[in-house]
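All remarks here apply to the structure that follows.
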Amino acid sequence: MFNLFKKGNFAKVFFHDIKNKLLTIKVNLYLILHKPLPEEKKQDLLQKVYLTAEQTIDMVQDFLDFEKYKSSKFLKHESFDLGELLEEIIDELDLDAQKNSVKILYVKPKERLPIKANREWLKKALLNIIHNSIKYNKENGRVFINVHPEKRGYLLVIKDTGIGISRDHKEKIFKKYFSSDNKNGTGIGLNMAKVVIESHGGTIVFDSEENKGSVFYIYLPKISRKIKRKYLALALGSAVIAGTFIFDYYYCLIPQKMQYEYSGDVQIIKLENGIVARAKTDDKFKILAYRNLFNTKTKTIFKIFNADMTISSNHQPLKVITPKTEFKNLGTEFETVGDSTSTAVSVYKGSIGNKNIKVEKNQGLLVKNKPVKVPLPTPVDNLHSIDRKEEIEIRWSSDYNRFKLVASMDKNFKKAPVLEFKTSQKRYIFKTLNDGIWYINVHSENENLYSLPKTIKILSLINYYKGLKSYKNNDIDNALSYLYASVATVNKADFRPYWLLAKILFNIDGKRAFSLAKEAYEISKNEKTASLYAKLLYKNKEYKKLIETFKNELDTQETNRFLALSYYKLKDYKNAKKYIYKTLEENPHDTKLKSLLKKIQNDPYIKDLL
């Protein structure tokens, strides 16, 4: 046992801080349990309780780990792979990295990195340092990890793009109970890491620049010196910690991560529990979303002030509050139009519950003075498209006069781009859709209620056709502009944009042309794509690849011609002669092949080979 109550500055500061944090938890819990508070204020206090408890647990754990290491018995020496240990640490910290929007970039060694040390404590030390680089990083930051083998050890470099620390704090970074951010750090972790690394016979050096990041240089010997260890028997604050876990499990204290995607005037909100909502960027609403520590339970509330919002609940519990009413979902997909005067809910899947009313699929809830259940408008009929190359028209028939269209390249309508349009006509013309496969939902509308969607799938090649038109008019700059836009979005739905762009780039950017021609051929193996791909294979001297690709496929004049030329380049004159004859049967005026045939027939050396 170590002496918890040994007098000294460290112990005094440590236990004083623990006491203050527990007092903060107690005061906030008292307010939640005994004072009438608005829901938002209660959620804020619960969040503070959770964060304070998490900081307290971190402090205690760091303290325990540090004291455990200082012992009078030797730690176990074992042989293991340092590279595998680093991969293990990175896997364990993956969730923390995602929560902090940080990416870990680890250059995996090509060979094993054998080391003899205490695996348990070396892992704790390295995990502490890498976790520090994640914790104090910036949003969308990076942590770079490299290992450089030396003659008798390894140099490990851990670099981050984080907040860094000031020059004044550099000297204190490894001192016990020092933290450059007292709100988030215990200050023990790096001190412990330094003690562990140095007791293994290693060295750790730190460098940092404020607002630019930090870097740790760690040298570890391949065979470490013997390490001391001590036994612990300690239980500190178990009741508080257990109580916090139980409270968190039932009430959900951790904010869910929310991701926003924007597409024109439409925004898509994705919650951590799988709920996806879609609304206009100027709509007025608020989302309160929490989960428990184990991510087994969530709590989500949508407050709609003035919005037209489509929500897919992913079978998660969800409450919607509008100025006129509130309701819960029962595993649904629905659309809510709400403002201060009325609420209209259109149920597309599952059902919703409003007081004693259950509203199911193809039914709506209207609330002006009191809630009323009504059928949804009848879906549109005879939905079809007309492709005019540079524009696509959608037509339908209906008894209604107002309609909403939702267009997306995602068949579930949950990923950008998503476009929304309203019209009073029974047709709509698209002139600016990106090239690619689109799914279009058409809803009839009546009193802010929407019918079940009718969906049509279309292929847009608007940019391709504009590029083709420019190409025919010798306007190469515009042609390239349209075709680059087409290839960026078409996602291999059609070969033509790739083929035409490769054709234009043939003498401008051979490398890019080659890649595009290959993609075009993989999308559709036809005479156009085969001819261009074969031509570029030959131009790039990929003779063997050309033969492997085309000798058993697409028996066309162009592919046969390049097969003949490739076989000749590889001095396979027998096959060259065969494909020369096949090509000349269709094009007897090919002077190059005629010349090669004459050479084969008249060259005594080649005759001997044949």
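Ligands are numbered from 1 in the order shown, chains are lettered A, B, ... in the order of the structure tokens, and residues start at 1 in each chain.
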Which parts of stretch 332-566 of chain A does DSSP call strand (DSSP E or B) when run on the backbone here, written out as a PDB file with N, CA and C atoms, in the first residue's frame?
ATOM      1  N   GLU A 333     -40.944   7.120 -40.355  1.00  0.00           N
ATOM      2  CA  GLU A 333     -40.415   8.175 -41.215  1.00  0.00           C
ATOM      3  C   GLU A 333     -41.577   9.100 -41.498  1.00  0.00           C
ATOM      4  N   PHE A 334     -41.405  10.371 -41.183  1.00  0.00           N
ATOM      5  CA  PHE A 334     -42.537  11.279 -41.302  1.00  0.00           C
ATOM      6  C   PHE A 334     -42.039  12.677 -41.643  1.00  0.00           C
ATOM      7  N   GLU A 335     -42.958  13.542 -42.020  1.00  0.00           N
ATOM      8  CA  GLU A 335     -42.641  14.935 -42.341  1.00  0.00           C
ATOM      9  C   GLU A 335     -43.534  15.833 -41.507  1.00  0.00           C
ATOM     10  N   THR A 336     -42.911  16.817 -40.857  1.00  0.00           N
ATOM     11  CA  THR A 336     -43.643  17.723 -39.977  1.00  0.00           C
ATOM     12  C   THR A 336     -43.517  19.146 -40.495  1.00  0.00           C
ATOM     13  N   VAL A 337     -44.662  19.803 -40.696  1.00  0.00           N
ATOM     14  CA  VAL A 337     -44.686  21.230 -41.033  1.00  0.00           C
ATOM     15  C   VAL A 337     -45.304  21.935 -39.841  1.00  0.00           C
ATOM     16  N   GLY A 338     -44.518  22.777 -39.180  1.00  0.00           N
ATOM     17  CA  GLY A 338     -45.032  23.415 -37.972  1.00  0.00           C
ATOM     18  C   GLY A 338     -44.660  24.869 -37.882  1.00  0.00           C
ATOM     19  N   THR A 343     -49.868  22.672 -37.024  1.00  0.00           N
ATOM     20  CA  THR A 343     -48.892  21.594 -37.205  1.00  0.00           C
ATOM     21  C   THR A 343     -49.511  20.552 -38.120  1.00  0.00           C
ATOM     22  N   ALA A 344     -48.734  20.086 -39.099  1.00  0.00           N
ATOM     23  CA  ALA A 344     -49.195  19.023 -39.997  1.00  0.00           C
ATOM     24  C   ALA A 344     -48.106  17.961 -40.068  1.00  0.00           C
ATOM     25  N   VAL A 345     -48.490  16.704 -39.799  1.00  0.00           N
ATOM     26  CA  VAL A 345     -47.532  15.600 -39.814  1.00  0.00           C
ATOM     27  C   VAL A 345     -47.992  14.555 -40.820  1.00  0.00           C
ATOM     28  N   SER A 346     -47.138  14.239 -41.790  1.00  0.00           N
ATOM     29  CA  SER A 346     -47.433  13.216 -42.797  1.00  0.00           C
ATOM     30  C   SER A 346     -46.593  11.977 -42.469  1.00  0.00           C
ATOM     31  N   VAL A 347     -47.242  10.848 -42.225  1.00  0.00           N
ATOM     32  CA  VAL A 347     -46.530   9.635 -41.822  1.00  0.00           C
ATOM     33  C   VAL A 347     -46.292   8.754 -43.046  1.00  0.00           C
ATOM     34  N   TYR A 348     -45.018   8.506 -43.369  1.00  0.00           N
ATOM     35  CA  TYR A 348     -44.646   7.703 -44.538  1.00  0.00           C
ATOM     36  C   TYR A 348     -44.376   6.242 -44.175  1.00  0.00           C
ATOM     37  N   LYS A 349     -43.857   6.016 -42.967  1.00  0.00           N
ATOM     38  CA  LYS A 349     -43.587   4.645 -42.505  1.00  0.00           C
ATOM     39  C   LYS A 349     -43.893   4.568 -41.023  1.00  0.00           C
ATOM     40  N   SER A 351     -45.589   4.652 -37.468  1.00  0.00           N
ATOM     41  CA  SER A 351     -46.688   5.429 -36.904  1.00  0.00           C
ATOM     42  C   SER A 351     -46.147   6.414 -35.885  1.00  0.00           C
ATOM     43  N   ILE A 352     -47.007   7.367 -35.470  1.00  0.00           N
ATOM     44  CA  ILE A 352     -46.662   8.301 -34.398  1.00  0.00           C
ATOM     45  C   ILE A 352     -47.787   8.287 -33.373  1.00  0.00           C
ATOM     46  N   GLY A 353     -47.466   8.710 -32.151  1.00  0.00           N
ATOM     47  CA  GLY A 353     -48.469   8.771 -31.091  1.00  0.00           C
ATOM     48  C   GLY A 353     -48.608  10.179 -30.584  1.00  0.00           C
ATOM     49  N   ASN A 354     -49.853  10.729 -30.601  1.00  0.00           N
ATOM     50  CA  ASN A 354     -50.147  12.069 -30.114  1.00  0.00           C
ATOM     51  C   ASN A 354     -51.291  11.943 -29.104  1.00  0.00           C
ATOM     52  N   ILE A 357     -54.139   9.569 -29.758  1.00  0.00           N
ATOM     53  CA  ILE A 357     -54.306   9.326 -31.191  1.00  0.00           C
ATOM     54  C   ILE A 357     -53.074   8.613 -31.741  1.00  0.00           C
ATOM     55  N   LYS A 358     -53.303   7.540 -32.474  1.00  0.00           N
ATOM     56  CA  LYS A 358     -52.220   6.853 -33.162  1.00  0.00           C
ATOM     57  C   LYS A 358     -52.393   7.089 -34.661  1.00  0.00           C
ATOM     58  N   VAL A 359     -51.367   7.670 -35.280  1.00  0.00           N
ATOM     59  CA  VAL A 359     -51.428   7.997 -36.698  1.00  0.00           C
ATOM     60  C   VAL A 359     -50.469   7.062 -37.434  1.00  0.00           C
ATOM     61  N   GLU A 360     -50.992   6.294 -38.393  1.00  0.00           N
ATOM     62  CA  GLU A 360     -50.202   5.268 -39.065  1.00  0.00           C
ATOM     63  C   GLU A 360     -49.841   5.686 -40.489  1.00  0.00           C
ATOM     64  N   GLN A 363     -51.372   8.206 -43.246  1.00  0.00           N
ATOM     65  CA  GLN A 363     -52.295   9.059 -42.510  1.00  0.00           C
ATOM     66  C   GLN A 363     -51.562  10.315 -42.063  1.00  0.00           C
ATOM     67  N   GLY A 364     -52.346  11.357 -41.773  1.00  0.00           N
ATOM     68  CA  GLY A 364     -51.754  12.606 -41.334  1.00  0.00           C
ATOM     69  C   GLY A 364     -52.361  13.085 -40.038  1.00  0.00           C
ATOM     70  N   LEU A 365     -51.610  13.933 -39.328  1.00  0.00           N
ATOM     71  CA  LEU A 365     -52.111  14.573 -38.112  1.00  0.00           C
ATOM     72  C   LEU A 365     -52.163  16.075 -38.367  1.00  0.00           C
ATOM     73  N   LEU A 366     -53.349  16.662 -38.246  1.00  0.00           N
ATOM     74  CA  LEU A 366     -53.528  18.109 -38.396  1.00  0.00           C
ATOM     75  C   LEU A 366     -53.878  18.701 -37.042  1.00  0.00           C
ATOM     76  N   VAL A 367     -53.160  19.750 -36.650  1.00  0.00           N
ATOM     77  CA  VAL A 367     -53.442  20.399 -35.373  1.00  0.00           C
ATOM     78  C   VAL A 367     -53.558  21.900 -35.604  1.00  0.00           C
ATOM     79  N   PRO A 371     -56.063  18.213 -32.149  1.00  0.00           N
ATOM     80  CA  PRO A 371     -55.512  17.216 -33.081  1.00  0.00           C
ATOM     81  C   PRO A 371     -56.608  16.446 -33.821  1.00  0.00           C
ATOM     82  N   VAL A 372     -56.409  16.304 -35.147  1.00  0.00           N
ATOM     83  CA  VAL A 372     -57.351  15.553 -35.978  1.00  0.00           C
ATOM     84  C   VAL A 372     -56.555  14.611 -36.881  1.00  0.00           C
ATOM     85  N   LYS A 373     -56.983  13.350 -36.945  1.00  0.00           N
ATOM     86  CA  LYS A 373     -56.337  12.383 -37.833  1.00  0.00           C
ATOM     87  C   LYS A 373     -57.065  12.381 -39.172  1.00  0.00           C
ATOM     88  N   VAL A 374     -56.314  12.521 -40.284  1.00  0.00           N
ATOM     89  CA  VAL A 374     -56.906  12.596 -41.622  1.00  0.00           C
ATOM     90  C   VAL A 374     -56.076  11.737 -42.580  1.00  0.00           C
ATOM     91  N   PRO A 375     -56.682  11.286 -43.705  1.00  0.00           N
ATOM     92  CA  PRO A 375     -55.875  10.565 -44.709  1.00  0.00           C
ATOM     93  C   PRO A 375     -54.941  11.526 -45.441  1.00  0.00           C
ATOM     94  N   ASP A 381     -49.830   9.967 -60.158  1.00  0.00           N
ATOM     95  CA  ASP A 381     -49.948   8.798 -61.029  1.00  0.00           C
ATOM     96  C   ASP A 381     -49.217   9.067 -62.345  1.00  0.00           C
ATOM     97  N   ASN A 382     -48.929   7.985 -63.066  1.00  0.00           N
ATOM     98  CA  ASN A 382     -48.350   8.096 -64.409  1.00  0.00           C
ATOM     99  C   ASN A 382     -47.063   8.927 -64.417  1.00  0.00           C
ATOM    100  N   LEU A 383     -46.197   8.677 -63.449  1.00  0.00           N
ATOM    101  CA  LEU A 383     -44.944   9.415 -63.351  1.00  0.00           C
ATOM    102  C   LEU A 383     -43.943   8.889 -64.384  1.00  0.00           C
ATOM    103  N   HIS A 384     -43.395   9.791 -65.221  1.00  0.00           N
ATOM    104  CA  HIS A 384     -42.435   9.376 -66.242  1.00  0.00           C
ATOM    105  C   HIS A 384     -41.503  10.535 -66.585  1.00  0.00           C
ATOM    106  N   SER A 385     -40.415  10.226 -67.286  1.00  0.00           N
ATOM    107  CA  SER A 385     -39.427  11.252 -67.631  1.00  0.00           C
ATOM    108  C   SER A 385     -39.255  11.339 -69.140  1.00  0.00           C
ATOM    109  N   ILE A 386     -38.827  12.514 -69.598  1.00  0.00           N
ATOM    110  CA  ILE A 386     -38.497  12.755 -71.006  1.00  0.00           C
ATOM    111  C   ILE A 386     -37.085  13.332 -71.046  1.00  0.00           C
ATOM    112  N   ASP A 387     -36.150  12.609 -71.668  1.00  0.00           N
ATOM    113  CA  ASP A 387     -34.742  13.022 -71.718  1.00  0.00           C
ATOM    114  C   ASP A 387     -34.486  13.796 -73.000  1.00  0.00           C
ATOM    115  N   ILE A 392     -33.914  17.444 -68.546  1.00  0.00           N
ATOM    116  CA  ILE A 392     -34.757  16.271 -68.306  1.00  0.00           C
ATOM    117  C   ILE A 392     -36.074  16.747 -67.723  1.00  0.00           C
ATOM    118  N   GLU A 393     -37.171  16.323 -68.345  1.00  0.00           N
ATOM    119  CA  GLU A 393     -38.496  16.724 -67.865  1.00  0.00           C
ATOM    120  C   GLU A 393     -39.177  15.544 -67.160  1.00  0.00           C
ATOM    121  N   ILE A 394     -39.788  15.832 -65.996  1.00  0.00           N
ATOM    122  CA  ILE A 394     -40.574  14.848 -65.247  1.00  0.00           C
ATOM    123  C   ILE A 394     -42.038  15.249 -65.364  1.00  0.00           C
ATOM    124  N   ARG A 395     -42.892  14.282 -65.694  1.00  0.00           N
ATOM    125  CA  ARG A 395     -44.333  14.550 -65.811  1.00  0.00           C
ATOM    126  C   ARG A 395     -45.133  13.545 -64.993  1.00  0.00           C
ATOM    127  N   TRP A 396     -46.322  13.941 -64.577  1.00  0.00           N
ATOM    128  CA  TRP A 396     -47.208  13.056 -63.811  1.00  0.00           C
ATOM    129  C   TRP A 396     -48.651  13.557 -63.931  1.00  0.00           C
ATOM    130  N   SER A 397     -49.572  12.790 -63.419  1.00  0.00           N
ATOM    131  CA  SER A 397     -50.984  13.211 -63.374  1.00  0.00           C
ATOM    132  C   SER A 397     -51.463  13.163 -61.928  1.00  0.00           C
ATOM    133  N   PHE A 403     -47.418  20.513 -55.539  1.00  0.00           N
ATOM    134  CA  PHE A 403     -46.564  19.322 -55.487  1.00  0.00           C
ATOM    135  C   PHE A 403     -45.180  19.697 -54.955  1.00  0.00           C
ATOM    136  N   LYS A 404     -44.543  18.718 -54.344  1.00  0.00           N
ATOM    137  CA  LYS A 404     -43.155  18.872 -53.901  1.00  0.00           C
ATOM    138  C   LYS A 404     -42.318  17.768 -54.530  1.00  0.00           C
ATOM    139  N   LEU A 405     -41.127  18.145 -55.049  1.00  0.00           N
ATOM    140  CA  LEU A 405     -40.194  17.183 -55.612  1.00  0.00           C
ATOM    141  C   LEU A 405     -38.920  17.179 -54.763  1.00  0.00           C
ATOM    142  N   VAL A 406     -38.422  16.006 -54.489  1.00  0.00           N
ATOM    143  CA  VAL A 406     -37.151  15.846 -53.781  1.00  0.00           C
ATOM    144  C   VAL A 406     -36.246  14.992 -54.662  1.00  0.00           C
ATOM    145  N   ALA A 407     -35.085  15.531 -55.023  1.00  0.00           N
ATOM    146  CA  ALA A 407     -34.152  14.823 -55.915  1.00  0.00           C
ATOM    147  C   ALA A 407     -32.857  14.531 -55.166  1.00  0.00           C
ATOM    148  N   SER A 408     -32.362  13.296 -55.292  1.00  0.00           N
ATOM    149  CA  SER A 408     -31.122  12.924 -54.613  1.00  0.00           C
ATOM    150  C   SER A 408     -30.384  11.858 -55.410  1.00  0.00           C
ATOM    151  N   VAL A 418     -29.016  16.738 -52.029  1.00  0.00           N
ATOM    152  CA  VAL A 418     -30.468  16.566 -52.004  1.00  0.00           C
ATOM    153  C   VAL A 418     -31.083  17.913 -52.365  1.00  0.00           C
ATOM    154  N   LEU A 419     -31.968  17.912 -53.344  1.00  0.00           N
ATOM    155  CA  LEU A 419     -32.595  19.154 -53.810  1.00  0.00           C
ATOM    156  C   LEU A 419     -34.105  19.065 -53.616  1.00  0.00           C
ATOM    157  N   GLU A 420     -34.718  20.181 -53.230  1.00  0.00           N
ATOM    158  CA  GLU A 420     -36.178  20.222 -53.053  1.00  0.00           C
ATOM    159  C   GLU A 420     -36.763  21.338 -53.917  1.00  0.00           C
ATOM    160  N   PHE A 421     -37.903  21.032 -54.527  1.00  0.00           N
ATOM    161  CA  PHE A 421     -38.581  22.007 -55.390  1.00  0.00           C
ATOM    162  C   PHE A 421     -40.086  21.920 -55.145  1.00  0.00           C
ATOM    163  N   LYS A 422     -40.776  23.055 -55.314  1.00  0.00           N
ATOM    164  CA  LYS A 422     -42.239  23.063 -55.246  1.00  0.00           C
ATOM    165  C   LYS A 422     -42.778  23.632 -56.547  1.00  0.00           C
ATOM    166  N   THR A 423     -43.908  23.118 -56.968  1.00  0.00           N
ATOM    167  CA  THR A 423     -44.497  23.572 -58.227  1.00  0.00           C
ATOM    168  C   THR A 423     -46.016  23.406 -58.175  1.00  0.00           C
ATOM    169  N   ARG A 427     -45.588  19.024 -64.000  1.00  0.00           N
ATOM    170  CA  ARG A 427     -44.340  18.687 -64.682  1.00  0.00           C
ATOM    171  C   ARG A 427     -43.233  19.557 -64.102  1.00  0.00           C
ATOM    172  N   TYR A 428     -42.011  19.117 -64.279  1.00  0.00           N
ATOM    173  CA  TYR A 428     -40.877  19.905 -63.816  1.00  0.00           C
ATOM    174  C   TYR A 428     -39.695  19.614 -64.725  1.00  0.00           C
ATOM    175  N   ILE A 429     -38.962  20.670 -65.119  1.00  0.00           N
ATOM    176  CA  ILE A 429     -37.820  20.520 -66.022  1.00  0.00           C
ATOM    177  C   ILE A 429     -36.522  20.756 -65.249  1.00  0.00           C
ATOM    178  N   PHE A 430     -35.645  19.760 -65.269  1.00  0.00           N
ATOM    179  CA  PHE A 430     -34.335  19.872 -64.634  1.00  0.00           C
ATOM    180  C   PHE A 430     -33.307  20.264 -65.703  1.00  0.00           C
ATOM    181  N   GLY A 436     -25.179  11.714 -63.470  1.00  0.00           N
ATOM    182  CA  GLY A 436     -25.220  10.514 -62.638  1.00  0.00           C
ATOM    183  C   GLY A 436     -26.643  10.027 -62.458  1.00  0.00           C
ATOM    184  N   ILE A 437     -26.785   8.976 -61.655  1.00  0.00           N
ATOM    185  CA  ILE A 437     -28.111   8.419 -61.354  1.00  0.00           C
ATOM    186  C   ILE A 437     -28.794   9.285 -60.298  1.00  0.00           C
ATOM    187  N   TRP A 438     -30.027   9.669 -60.570  1.00  0.00           N
ATOM    188  CA  TRP A 438     -30.823  10.452 -59.623  1.00  0.00           C
ATOM    189  C   TRP A 438     -32.120   9.710 -59.294  1.00  0.00           C
ATOM    190  N   TYR A 439     -32.555   9.866 -58.045  1.00  0.00           N
ATOM    191  CA  TYR A 439     -33.854   9.349 -57.606  1.00  0.00           C
ATOM    192  C   TYR A 439     -34.708  10.566 -57.270  1.00  0.00           C
ATOM    193  N   ILE A 440     -35.913  10.600 -57.835  1.00  0.00           N
ATOM    194  CA  ILE A 440     -36.778  11.764 -57.636  1.00  0.00           C
ATOM    195  C   ILE A 440     -38.099  11.325 -57.028  1.00  0.00           C
ATOM    196  N   ASN A 441     -38.396  11.860 -55.847  1.00  0.00           N
ATOM    197  CA  ASN A 441     -39.679  11.638 -55.186  1.00  0.00           C
ATOM    198  C   ASN A 441     -40.629  12.787 -55.535  1.00  0.00           C
ATOM    199  N   VAL A 442     -41.857  12.437 -55.889  1.00  0.00           N
ATOM    200  CA  VAL A 442     -42.883  13.451 -56.161  1.00  0.00           C
ATOM    201  C   VAL A 442     -44.025  13.241 -55.173  1.00  0.00           C
ATOM    202  N   HIS A 443     -44.384  14.307 -54.440  1.00  0.00           N
ATOM    203  CA  HIS A 443     -45.477  14.262 -53.459  1.00  0.00           C
ATOM    204  C   HIS A 443     -46.597  15.204 -53.900  1.00  0.00           C
ATOM    205  N   SER A 444     -47.841  14.766 -53.744  1.00  0.00           N
ATOM    206  CA  SER A 444     -48.972  15.697 -53.808  1.00  0.00           C
ATOM    207  C   SER A 444     -49.052  16.427 -52.475  1.00  0.00           C
ATOM    208  N   GLU A 445     -49.525  17.679 -52.491  1.00  0.00           N
ATOM    209  CA  GLU A 445     -49.599  18.467 -51.257  1.00  0.00           C
ATOM    210  C   GLU A 445     -50.996  19.028 -51.062  1.00  0.00           C
ATOM    211  N   ASN A 446     -51.479  18.977 -49.820  1.00  0.00           N
ATOM    212  CA  ASN A 446     -52.772  19.559 -49.484  1.00  0.00           C
ATOM    213  C   ASN A 446     -52.762  19.921 -47.994  1.00  0.00           C
ATOM    214  N   LEU A 449     -49.971  18.819 -45.821  1.00  0.00           N
ATOM    215  CA  LEU A 449     -49.804  17.364 -45.738  1.00  0.00           C
ATOM    216  C   LEU A 449     -49.327  16.860 -47.090  1.00  0.00           C
ATOM    217  N   TYR A 450     -48.428  15.886 -47.053  1.00  0.00           N
ATOM    218  CA  TYR A 450     -47.838  15.373 -48.289  1.00  0.00           C
ATOM    219  C   TYR A 450     -48.204  13.905 -48.479  1.00  0.00           C
ATOM    220  N   LYS A 454     -44.005   9.041 -54.828  1.00  0.00           N
ATOM    221  CA  LYS A 454     -43.816   8.190 -56.002  1.00  0.00           C
ATOM    222  C   LYS A 454     -42.399   8.495 -56.505  1.00  0.00           C
ATOM    223  N   THR A 455     -41.626   7.440 -56.752  1.00  0.00           N
ATOM    224  CA  THR A 455     -40.210   7.615 -57.075  1.00  0.00           C
ATOM    225  C   THR A 455     -39.913   7.211 -58.507  1.00  0.00           C
ATOM    226  N   ILE A 456     -39.079   8.015 -59.155  1.00  0.00           N
ATOM    227  CA  ILE A 456     -38.605   7.683 -60.497  1.00  0.00           C
ATOM    228  C   ILE A 456     -37.077   7.776 -60.498  1.00  0.00           C
ATOM    229  N   LYS A 457     -36.442   6.846 -61.213  1.00  0.00           N
ATOM    230  CA  LYS A 457     -34.982   6.824 -61.315  1.00  0.00           C
ATOM    231  C   LYS A 457     -34.597   7.292 -62.714  1.00  0.00           C
ATOM    232  N   ILE A 458     -33.659   8.259 -62.771  1.00  0.00           N
ATOM    233  CA  ILE A 458     -33.250   8.788 -64.078  1.00  0.00           C
ATOM    234  C   ILE A 458     -31.723   8.844 -64.149  1.00  0.00           C
ATOM    235  N   LEU A 459     -31.208   8.878 -65.361  1.00  0.00           N
ATOM    236  CA  LEU A 459     -29.782   9.095 -65.602  1.00  0.00           C
ATOM    237  C   LEU A 459     -29.619  10.470 -66.227  1.00  0.00           C
ATOM    238  N   SER A 460     -28.924  11.348 -65.511  1.00  0.00           N
ATOM    239  CA  SER A 460     -28.644  12.688 -66.041  1.00  0.00           C
ATOM    240  C   SER A 460     -27.260  12.701 -66.670  1.00  0.00           C
TER     241      SER A 460
END
Identify, on the basis of only C-alpha atoms, every residue whose closest approach to A:Asn540 does not exceed 12 Å; exclude the query and any residue fewer than 5 positions from it along the same chain; express the result as JSON, numbers by chain. {"A": [506, 510, 511, 512, 513, 514, 515, 533, 534, 535, 545, 546, 566]}
Write to file, as a CSV table (one decimal), in the first residue's frame, the residues of the selection just made, with N, CA and C atoms.
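Generated file (again07.csv):
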chain,number,residue,atom,x,y,z
A,506,PHE,N,-6.0,12.9,-75.2
A,506,PHE,CA,-5.1,12.0,-75.7
A,506,PHE,C,-3.7,12.6,-76.0
A,510,GLY,N,-1.5,12.5,-71.4
A,510,GLY,CA,-1.6,11.1,-71.7
A,510,GLY,C,-1.9,10.2,-70.5
A,511,LYS,N,-1.3,10.6,-69.4
A,511,LYS,CA,-1.5,9.8,-68.2
A,511,LYS,C,-3.0,9.8,-67.7
A,512,ARG,N,-3.6,11.0,-67.7
A,512,ARG,CA,-5.0,11.1,-67.3
A,512,ARG,C,-5.9,10.4,-68.4
A,513,ALA,N,-5.6,10.6,-69.6
A,513,ALA,CA,-6.3,10.0,-70.7
A,513,ALA,C,-6.3,8.5,-70.6
A,514,PHE,N,-5.2,7.9,-70.2
A,514,PHE,CA,-5.0,6.4,-70.1
A,514,PHE,C,-6.0,6.0,-69.0
A,515,SER,N,-6.0,6.6,-67.8
A,515,SER,CA,-6.8,6.3,-66.7
A,515,SER,C,-8.3,6.3,-67.0
A,533,TYR,N,-8.9,2.5,-75.6
A,533,TYR,CA,-8.1,1.9,-74.6
A,533,TYR,C,-6.9,1.1,-75.2
A,534,ALA,N,-7.2,0.4,-76.3
A,534,ALA,CA,-6.1,-0.3,-76.9
A,534,ALA,C,-5.1,0.7,-77.5
A,535,LYS,N,-5.5,1.8,-78.1
A,535,LYS,CA,-4.6,2.8,-78.6
A,535,LYS,C,-3.7,3.4,-77.6
A,545,LYS,N,0.0,-6.1,-71.6
A,545,LYS,CA,-1.3,-5.8,-71.1
A,545,LYS,C,-2.3,-5.7,-72.2
A,546,LEU,N,-2.0,-5.1,-73.3
A,546,LEU,CA,-2.9,-5.0,-74.4
A,546,LEU,C,-3.3,-6.4,-74.9
A,566,SER,N,1.4,-4.8,-81.4
A,566,SER,CA,2.0,-5.2,-80.1
A,566,SER,C,2.7,-6.5,-80.2
Each residue of stretch 105-136 of chain A lying at most 8 Å from stretch 189-200 of chain A should get a row with its shortest atom-to-atom pair and the distance in Å to one decimal, counting only C-alpha atoms; could you produce that, ordered by chain and increasing number, as a tab-separated table?
residue	atom	partner	partner_atom	distance
A:Ala117	CA	A:His200	CA	7.1
A:Trp121	CA	A:Val196	CA	6.8
A:Leu122	CA	A:Val196	CA	6.8
A:Lys124	CA	A:Ala193	CA	7.4
A:Ala125	CA	A:Ala193	CA	4.2
A:Leu126	CA	A:Ala193	CA	7.0
A:Asn128	CA	A:Gly189	CA	6.0
A:Ile129	CA	A:Leu190	CA	6.6
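Of the residues under consideration (A:Leu468, A:Leu51, A:Leu45, A:Ile218), A:Leu51 shows the shortest atom-to-atom contact distance to A:Ile254 when counting only C-alpha atoms.
The space separating atom CA of A:Lys361 from atom CA of A:Leu330 comes to 11.0 Å.
For A:Ala479, the set of protein, DNA and RNA residues having any atom at most 8 Å away, when counting only C-alpha atoms and skipping those fewer than 4 positions along the same chain, is Lys466, Gly467, Leu468, Lys469, Ser470, Tyr471, Asp475 and Leu483 of chain A.
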Deliver the residues from the most recent selection as a file, using C-alpha atoms, as a PDB file, in the first residue's frame.
ATOM      1  CA  LYS A 466     -22.983  20.175 -73.149  1.00  0.00           C
ATOM      2  CA  GLY A 467     -19.372  19.017 -73.357  1.00  0.00           C
ATOM      3  CA  LEU A 468     -20.089  17.000 -76.512  1.00  0.00           C
ATOM      4  CA  LYS A 469     -21.736  20.035 -78.124  1.00  0.00           C
ATOM      5  CA  SER A 470     -18.729  22.235 -77.278  1.00  0.00           C
ATOM      6  CA  TYR A 471     -16.343  19.566 -78.610  1.00  0.00           C
ATOM      7  CA  ASP A 475     -14.621  24.866 -78.134  1.00  0.00           C
ATOM      8  CA  LEU A 483     -16.637  16.874 -69.028  1.00  0.00           C
TER       9      LEU A 483
END
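Considering only C-alpha atoms, the residue among A:Asn118, A:Asn560, A:Ser101, A:Thr52 positioned nearest to A:Asp81 is A:Asn118.
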